[in-house]
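Asker: For reference, this is query11.csv, and it has CSV, C-alpha atoms.
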chain,number,residue,atom,x,y,z
A,25,MET,CA,79.0,-72.6,11.9
A,26,GLU,CA,82.5,-74.1,12.4
A,27,ILE,CA,85.1,-72.5,14.7
A,28,ASN,CA,88.6,-72.5,13.1
A,29,PHE,CA,91.9,-72.9,14.9
A,30,ASN,CA,92.7,-69.2,15.2
A,31,GLN,CA,89.2,-68.5,16.6
A,32,LEU,CA,89.6,-71.4,19.1
A,33,LYS,CA,92.9,-69.9,20.3
A,34,ARG,CA,91.7,-66.3,20.4
A,35,PHE,CA,88.6,-67.1,22.4
A,36,GLU,CA,89.8,-70.1,24.4
A,37,LYS,CA,89.5,-68.3,27.8
A,38,GLN,CA,85.8,-67.8,27.1
A,39,ILE,CA,85.3,-71.3,25.5
A,40,ILE,CA,86.8,-73.1,28.5
A,41,LEU,CA,84.1,-71.6,30.7
A,42,LYS,CA,81.5,-74.3,31.2
A,43,LYS,CA,78.6,-71.8,30.8
A,44,ILE,CA,79.9,-70.7,27.4
A,45,GLY,CA,81.8,-73.5,25.6
A,46,ILE,CA,81.9,-74.0,21.9
A,47,ALA,CA,78.1,-73.6,21.6
A,48,GLY,CA,78.0,-70.4,23.5
A,49,GLN,CA,80.9,-68.9,21.5
A,50,LYS,CA,79.0,-69.7,18.3
A,51,ARG,CA,76.0,-67.8,19.7
A,52,ILE,CA,78.2,-64.8,20.3
A,53,PHE,CA,79.6,-65.0,16.7
A,54,SER,CA,76.0,-65.1,15.4
A,55,ALA,CA,74.7,-62.2,17.5
A,56,LYS,CA,73.5,-58.9,16.0
A,57,VAL,CA,73.8,-56.0,18.5
A,58,LEU,CA,73.0,-52.3,17.9
A,59,ILE,CA,74.6,-49.5,20.0
A,60,ILE,CA,72.9,-46.2,19.9
A,61,GLY,CA,75.2,-43.4,21.2
A,62,LEU,CA,79.0,-43.6,21.1
A,63,GLY,CA,79.8,-41.7,24.2
A,64,GLY,CA,81.1,-42.7,27.7
A,65,LEU,CA,78.8,-45.7,27.7
A,66,GLY,CA,79.1,-46.8,24.1
A,67,CYS,CA,82.9,-46.9,24.0
A,68,PRO,CA,83.5,-49.5,26.8
A,69,LEU,CA,80.4,-51.4,25.7
A,70,ILE,CA,81.7,-51.7,22.2
A,71,THR,CA,85.2,-52.6,23.4
A,72,TYR,CA,84.0,-55.7,25.3
A,73,LEU,CA,81.5,-56.8,22.7
A,74,ALA,CA,84.1,-56.7,20.0
A,75,ALA,CA,86.7,-58.4,22.1
A,76,SER,CA,84.2,-61.1,22.9
A,77,GLY,CA,83.6,-61.8,19.2
A,78,VAL,CA,80.1,-60.5,18.6
A,79,GLY,CA,79.6,-61.0,14.9
A,80,LYS,CA,77.6,-58.0,13.8
A,81,ILE,CA,77.7,-54.7,15.6
A,82,GLY,CA,75.7,-51.6,14.5
A,83,VAL,CA,76.7,-48.1,15.7
A,84,VAL,CA,74.4,-45.1,15.6
A,85,ASP,CA,75.6,-41.5,16.2
A,86,PHE,CA,75.6,-38.3,14.2
A,87,ASP,CA,78.2,-36.4,16.3
A,88,LYS,CA,81.8,-35.6,15.6
A,89,VAL,CA,84.6,-36.2,18.2
A,90,GLU,CA,85.3,-33.2,20.4
A,91,ILE,CA,88.2,-32.5,22.7
A,92,SER,CA,85.8,-32.6,25.7
A,93,ASN,CA,84.9,-36.3,24.8
A,94,LEU,CA,88.4,-37.6,25.4
A,95,ASN,CA,88.3,-37.8,29.2
A,96,ARG,CA,85.8,-40.7,29.1
A,97,GLN,CA,85.2,-41.9,25.5
A,98,THR,CA,88.1,-44.3,25.3
A,99,LEU,CA,87.9,-45.4,21.7
A,100,PHE,CA,89.0,-41.9,20.6
A,101,ASN,CA,92.1,-39.9,20.8
A,102,SER,CA,93.2,-36.4,19.8
A,103,SER,CA,93.8,-37.3,16.2
A,104,ASP,CA,90.0,-38.2,15.9
A,105,ILE,CA,88.8,-34.6,16.8
A,106,GLY,CA,86.5,-33.3,14.2
A,107,LYS,CA,85.8,-36.7,12.6
A,108,PHE,CA,82.5,-38.6,12.7
A,109,LYS,CA,82.3,-40.9,15.7
A,110,VAL,CA,80.8,-43.8,13.8
A,111,LEU,CA,83.6,-43.9,11.3
A,112,GLN,CA,86.3,-43.8,13.9
A,113,VAL,CA,84.5,-46.4,16.0
A,114,LYS,CA,84.4,-48.7,13.0
A,115,LYS,CA,88.2,-48.5,12.6
A,116,ALA,CA,88.6,-49.1,16.4
A,117,ILE,CA,86.4,-52.2,16.2
A,118,HIS,CA,88.4,-53.6,13.3
A,119,ARG,CA,91.6,-52.9,15.2
A,120,ILE,CA,90.2,-55.2,17.9
A,121,ASN,CA,88.7,-57.8,15.6
A,122,LYS,CA,88.8,-57.4,11.8
A,123,ASN,CA,86.3,-60.2,11.3
A,124,ILE,CA,83.4,-58.3,12.9
A,125,LYS,CA,80.8,-56.9,10.5
A,126,VAL,CA,80.3,-53.3,11.4
A,127,ILE,CA,77.2,-51.3,10.2
A,128,THR,CA,77.4,-47.5,10.6
A,129,PHE,CA,74.5,-45.1,10.8
A,130,LYS,CA,75.7,-41.5,10.7
A,131,ASN,CA,72.2,-40.3,11.5
A,132,LYS,CA,70.1,-38.7,14.2
A,133,LEU,CA,67.6,-41.4,15.2
A,134,THR,CA,64.1,-40.3,14.3
A,135,PHE,CA,60.6,-41.7,13.9
A,136,LYS,CA,61.1,-41.8,10.2
A,137,ASN,CA,64.4,-43.8,10.1
A,138,ILE,CA,64.1,-45.9,13.3
A,139,ASN,CA,62.7,-49.0,11.6
A,140,LYS,CA,65.3,-49.0,8.9
A,141,ILE,CA,68.1,-48.8,11.5
A,142,LEU,CA,66.8,-51.1,14.3
A,143,ASN,CA,65.0,-53.7,12.3
A,144,ASN,CA,67.9,-56.1,11.6
A,145,PHE,CA,69.3,-56.3,15.1
A,146,ASP,CA,68.2,-58.5,17.9
A,147,ILE,CA,69.5,-56.6,20.9
A,148,ILE,CA,69.4,-52.8,21.2
A,149,CYS,CA,71.7,-50.9,23.5
A,150,ASP,CA,70.6,-47.4,24.4
A,151,GLY,CA,73.4,-45.1,25.6
A,152,THR,CA,71.8,-41.8,24.5
A,153,ASP,CA,71.7,-38.7,26.6
A,154,ASN,CA,68.2,-37.3,26.1
A,155,PHE,CA,64.7,-38.4,27.0
A,156,GLU,CA,63.1,-37.8,23.6
A,157,THR,CA,65.4,-40.4,22.0
A,158,ARG,CA,65.0,-42.9,24.9
A,159,TYR,CA,61.2,-42.8,24.6
A,160,LEU,CA,61.5,-43.3,20.8
A,161,ILE,CA,63.8,-46.3,21.2
A,162,ASN,CA,61.6,-47.8,24.0
A,163,ASP,CA,58.4,-47.4,22.0
A,164,TYR,CA,59.9,-49.1,18.9
A,165,CYS,CA,61.4,-51.9,20.9
A,166,LEU,CA,58.2,-52.6,22.7
A,167,LYS,CA,56.1,-52.6,19.6
A,168,ASN,CA,58.5,-54.9,17.7
A,169,LYS,CA,59.4,-57.2,20.7
A,170,LYS,CA,63.1,-56.3,20.8
A,171,ILE,CA,65.4,-56.7,23.7
A,172,LEU,CA,66.5,-53.3,25.1
A,173,ILE,CA,69.4,-52.7,27.4
A,174,SER,CA,69.4,-49.1,28.5
A,175,SER,CA,71.9,-47.2,30.6
A,176,ALA,CA,72.5,-43.6,31.6
A,177,ILE,CA,75.2,-41.7,33.5
A,178,SER,CA,75.4,-38.3,35.1
A,179,LYS,CA,77.8,-36.8,37.7
A,180,PHE,CA,78.9,-39.7,39.9
A,181,ASP,CA,75.9,-41.9,39.2
A,182,GLY,CA,74.9,-44.6,36.7
A,183,GLN,CA,71.7,-46.5,36.0
A,184,MET,CA,71.0,-49.6,33.9
A,185,ILE,CA,67.9,-51.7,33.1
A,186,LYS,CA,67.0,-54.5,30.7
A,187,PHE,CA,63.6,-54.8,29.0
A,188,ASP,CA,62.9,-58.1,27.3
A,189,PHE,CA,59.8,-57.1,25.2
A,190,ARG,CA,59.4,-60.7,24.0
A,191,LYS,CA,57.7,-61.1,27.4
A,192,LYS,CA,55.1,-59.2,29.2
A,193,GLY,CA,56.5,-56.5,31.5
A,194,PRO,CA,57.1,-52.8,32.1
A,195,CYS,CA,58.7,-50.4,29.7
A,196,TYR,CA,60.8,-47.2,30.1
A,197,ARG,CA,57.6,-45.1,30.2
A,198,CYS,CA,56.4,-47.1,33.1
A,199,PHE,CA,59.5,-46.0,35.0
A,200,MET,CA,59.6,-42.5,33.6
A,201,PRO,CA,56.0,-41.6,32.5
A,202,SER,CA,56.9,-38.0,31.4
A,203,GLN,CA,59.9,-36.1,30.4
A,204,PRO,CA,61.5,-34.1,33.2
A,205,ASP,CA,61.7,-30.3,32.8
A,206,PHE,CA,65.5,-30.5,33.0
A,207,GLU,CA,67.8,-32.9,31.1
A,208,ASN,CA,70.4,-34.5,33.3
A,209,ASN,CA,73.3,-35.5,31.1
A,210,CYS,CA,77.1,-35.1,30.8
A,211,GLN,CA,76.8,-31.8,28.9
A,212,THR,CA,74.8,-30.1,31.7
A,213,GLU,CA,75.8,-32.0,34.8
A,214,GLY,CA,79.4,-33.2,34.1
A,215,ILE,CA,80.6,-36.8,34.5
A,216,PHE,CA,83.1,-38.7,36.6
A,217,SER,CA,84.8,-40.7,33.8
A,218,PRO,CA,85.0,-44.1,35.5
A,219,VAL,CA,81.2,-44.2,35.8
A,220,GLY,CA,80.9,-44.5,32.0
A,221,GLY,CA,83.4,-47.4,32.0
A,222,ILE,CA,81.6,-49.2,34.8
A,223,MET,CA,78.1,-48.8,33.4
A,224,GLY,CA,79.2,-49.5,29.8
A,225,SER,CA,81.0,-52.7,30.9
A,226,LEU,CA,77.8,-53.7,32.8
A,227,GLN,CA,75.8,-53.2,29.6
A,228,ALA,CA,78.3,-55.4,27.8
A,229,ASN,CA,77.8,-58.0,30.5
A,230,GLU,CA,74.1,-58.0,30.1
A,231,VAL,CA,74.3,-58.2,26.3
A,232,LEU,CA,76.5,-61.3,26.5
A,233,LYS,CA,74.3,-62.9,29.2
A,234,THR,CA,71.4,-62.3,26.9
A,235,ILE,CA,73.1,-63.8,23.9
A,236,LEU,CA,74.0,-66.9,26.0
A,237,ASN,CA,70.5,-67.2,27.4
A,238,LYS,CA,71.6,-66.9,31.0
A,239,LYS,CA,69.2,-66.1,33.8
A,240,ASN,CA,68.9,-62.4,34.0
A,241,THR,CA,68.3,-60.8,37.4
A,242,HIS,CA,68.4,-57.3,36.0
A,243,SER,CA,65.4,-57.7,33.7
A,244,CYS,CA,62.9,-55.1,34.9
A,245,ASN,CA,65.2,-54.2,37.8
A,246,LEU,CA,66.8,-50.8,37.7
A,247,LEU,CA,70.5,-51.1,38.7
A,248,ILE,CA,71.8,-47.9,40.4
A,249,PHE,CA,75.5,-47.2,40.9
A,250,ASP,CA,76.9,-44.6,43.3
A,251,ALA,CA,80.5,-44.0,42.5
A,252,LEU,CA,81.3,-41.9,45.6
A,253,LYS,CA,80.0,-44.6,47.9
A,254,THR,CA,81.0,-47.5,45.6
A,255,GLU,CA,77.6,-49.0,46.1
A,256,PHE,CA,75.0,-50.7,43.9
A,257,ARG,CA,71.3,-51.1,44.6
A,258,LYS,CA,68.3,-52.4,42.7
A,259,SER,CA,64.9,-51.0,42.3
A,260,LYS,CA,62.0,-53.1,40.9
A,261,VAL,CA,60.2,-51.5,37.9
A,262,SER,CA,56.6,-52.7,37.5
A,263,ILE,CA,54.0,-52.2,34.9
A,264,ASN,CA,52.3,-48.8,35.3
A,265,PRO,CA,48.6,-49.3,34.3
A,266,LYS,CA,48.5,-45.6,33.4
A,267,CYS,CA,51.5,-45.9,30.9
A,268,ILE,CA,50.5,-44.6,27.5
A,269,ASN,CA,51.8,-47.8,26.0
A,270,ARG,CA,49.2,-49.8,28.0
A,271,CYS,CA,46.3,-47.7,27.0
Take the structure in the file and write it out as structure tokens.
Answerer:
Amino acid sequence: MEINFNQLKRFEKQIILKKIGIAGQKRIFSAKVLIIGLGGLGCPLITYLAASGVGKIGVVDFDKVEISNLNRQTLFNSSDIGKFKVLQVKKAIHRINKNIKVITFKNKLTFKNINKILNNFDIICDGTDNFETRYLINDYCLKNKKILISSAISKFDGQMIKFDFRKKGPCYRCFMPSQPDFENNCQTEGIFSPVGGIMGSLQANEVLKTILNKKNTHSCNLLIFDALKTEFRKSKVSINPKCINRC
């Protein structure tokens, strides 16, 4: 793959970084990343992946834009209300970079369609808001040796973890063996909008580090952010021998 003059000028601030360079930018151009969930996490995540030049981006969401989304889902505005998120996001990505190949999936992710949707992507980003879908994504990625970067937000808090299932290690079920009785998400708990921006940006950071093959200290470490204290902490996630994926 050759980098033309316009690409060189557009991405020169990345290319001049010694840990990226021409070779690293080519890796970014060749990357295939899927984002599941186009909410408070997915919007900043997509913004930075598109701006960085990720060559193929898949987006999965069956929801339409609602007025209550607009305080944190920064790719949308009031003219998007009532329209499918995936279609508006595709337009937003092409406003950032028209050369990106965008694949839209206006579907609810299920056991029946997950292989068709996830199969052609190398890195999977989970920004969903329910445990059923998180378990489904986790189990598929583990079985098919995908890289999964998962994040969640609620109230003033955010969490993120990377699982590289090409290597032996824990999975999401090791961390959360069974579904809690109560779903903690933006709909039920509310959300402080900057938390989505911070955690979505951190997801983008992890995606790009993964593409560039940089050492990843967040692999199998749960990163926890407290917006009220402006504090981060890490918690190691280990293999649970009782995890159903290990039985």
Asker: Compare A:Ile81, A:Ile60, A:Ile44, A:Ala55 by their minimum atom-to-atom distance to A:Thr157, counting all atoms listed in the file, and give me the closest one.
Answerer: A:Ile60
Asker: Extract, using only C-alpha atoms, all DNA, RNA and protein residues at most 12 Å from stretch 189-193 of chain A, discarding same-chain residues fewer than 4 positions from it, and format them as an mmCIF file with C-alpha atoms, in the frame of the given file.
Answerer:
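What ended up in result15.cif:
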data_model
loop_
_atom_site.group_PDB
_atom_site.id
_atom_site.type_symbol
_atom_site.label_atom_id
_atom_site.label_comp_id
_atom_site.auth_asym_id
_atom_site.auth_seq_id
_atom_site.Cartn_x
_atom_site.Cartn_y
_atom_site.Cartn_z
ATOM 1 C CA ASP A 146 68.200 -58.500 17.900
ATOM 2 C CA ILE A 147 69.500 -56.600 20.900
ATOM 3 C CA ILE A 148 69.400 -52.800 21.200
ATOM 4 C CA ASN A 162 61.600 -47.800 24.000
ATOM 5 C CA ASP A 163 58.400 -47.400 22.000
ATOM 6 C CA TYR A 164 59.900 -49.100 18.900
ATOM 7 C CA CYS A 165 61.400 -51.900 20.900
ATOM 8 C CA LEU A 166 58.200 -52.600 22.700
ATOM 9 C CA LYS A 167 56.100 -52.600 19.600
ATOM 10 C CA ASN A 168 58.500 -54.900 17.700
ATOM 11 C CA LYS A 169 59.400 -57.200 20.700
ATOM 12 C CA LYS A 170 63.100 -56.300 20.800
ATOM 13 C CA ILE A 171 65.400 -56.700 23.700
ATOM 14 C CA LEU A 172 66.500 -53.300 25.100
ATOM 15 C CA ILE A 173 69.400 -52.700 27.400
ATOM 16 C CA ARG A 197 57.600 -45.100 30.200
ATOM 17 C CA CYS A 198 56.400 -47.100 33.100
ATOM 18 C CA PHE A 199 59.500 -46.000 35.000
ATOM 19 C CA SER A 243 65.400 -57.700 33.700
ATOM 20 C CA CYS A 244 62.900 -55.100 34.900
ATOM 21 C CA ASN A 245 65.200 -54.200 37.800
ATOM 22 C CA LYS A 260 62.000 -53.100 40.900
ATOM 23 C CA VAL A 261 60.200 -51.500 37.900
ATOM 24 C CA SER A 262 56.600 -52.700 37.500
ATOM 25 C CA ILE A 263 54.000 -52.200 34.900
ATOM 26 C CA ASN A 264 52.300 -48.800 35.300
ATOM 27 C CA PRO A 265 48.600 -49.300 34.300
ATOM 28 C CA CYS A 267 51.500 -45.900 30.900
ATOM 29 C CA ASN A 269 51.800 -47.800 26.000
ATOM 30 C CA ARG A 270 49.200 -49.800 28.000
#
Asker: Please provide the set of residues having any atom within 7 Å of A:Val89, restricted to all atoms listed in the file, with same-chain residues fewer than 3 positions apart removed, written as an NGL selection string.
Answerer: :A and (93 or 104-109)
Asker: Between A:Lys140, A:Glu230, A:Thr152, A:Arg34, which one has atoms that come closest to A:Asp87, using only C-alpha atoms?
Answerer: A:Thr152
Asker: Could you check how far atom CA of A:Thr128 sits from atom CA of A:Leu94, in Å to one decimal?
Answerer: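 Taking atom CA of A:Thr128 and atom CA of A:Leu94, their separation equals 20.9 Å.
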Asker: How far is it from atom CA of A:Ile59 to atom CA of A:Val83, in Å with one decimal?
Answerer: 5.0 Å
Asker: Atom CA of A:Ala176 and atom CA of A:Asp153 are how many Å apart?
Answerer: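 Between these atoms lies a distance of 7.0 Å.
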Asker: Using only C-alpha atoms, which of A:Asn95, A:Asn30, A:Ser76, A:Asn154 sits nearest A:Gly221?
Answerer: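 Nearest candidate to A:Gly221 out of A:Asn95, A:Asn30, A:Ser76, A:Asn154: A:Asn95.
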Asker: Give the answer as one residue: which of A:Gly66, A:Gly151, A:Pro201, A:Pro218 has the shortest atom-to-atom distance to A:Arg96, using all atoms listed in the file?
Answerer: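 For A:Arg96, the nearest of the candidates is A:Pro218.
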Asker: With all atoms listed in the file as the counted atoms, please give the residues lying no more than 8 Å from stretch 236-238 of chain A, apart from itself and same-chain residues fewer than 4 positions off, as a ChimeraX atom specification.
Answerer: /A:44,48,51-52,232
Asker: Would you write out those residues with C-alpha atoms, as a JSON list (two decimals), in the frame of the given file?
Answerer:
[["chain", "number", "residue", "atom", "x", "y", "z"],
["A", 44, "ILE", "CA", 79.90, -70.70, 27.40],
["A", 48, "GLY", "CA", 78.00, -70.40, 23.50],
["A", 51, "ARG", "CA", 76.00, -67.80, 19.70],
["A", 52, "ILE", "CA", 78.20, -64.80, 20.30],
["A", 232, "LEU", "CA", 76.50, -61.30, 26.50]]
Asker: Using all atoms listed in the file, pick whichever of A:Phe35, A:Phe53, A:Tyr72, A:Phe29 has the shortest atom-to-atom distance to A:Ile235.
Answerer: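 Residue with the minimum atom-to-atom distance to A:Ile235: A:Phe53.
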Asker: Within 8 Å of (85.5, -77.4, 20.2) (file coordinates; all atoms listed in the file), which protein or nucleic acid residues are there? I'd like them as number ranges by chain.
Answerer: A: 27, 32, 45-46
Asker: Select, from A:Leu58, A:Gln203, A:Ser102, A:Leu69, the residue with the minimum atom-to-atom distance to A:Cys149, counting all atoms listed in the file.
Answerer: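 Among A:Leu58, A:Gln203, A:Ser102, A:Leu69, it is A:Leu58 that comes nearest to A:Cys149.
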Asker: Within 12 Å of A:Ile177, counting all atoms listed in the file, which residues show up once you throw out same-chain ones fewer than 3 positions away? Write them as an NGL selection string, please.
Answerer: :A and (63-66 or 96 or 150-154 or 174 or 180-184 or 207-224 or 247-251)
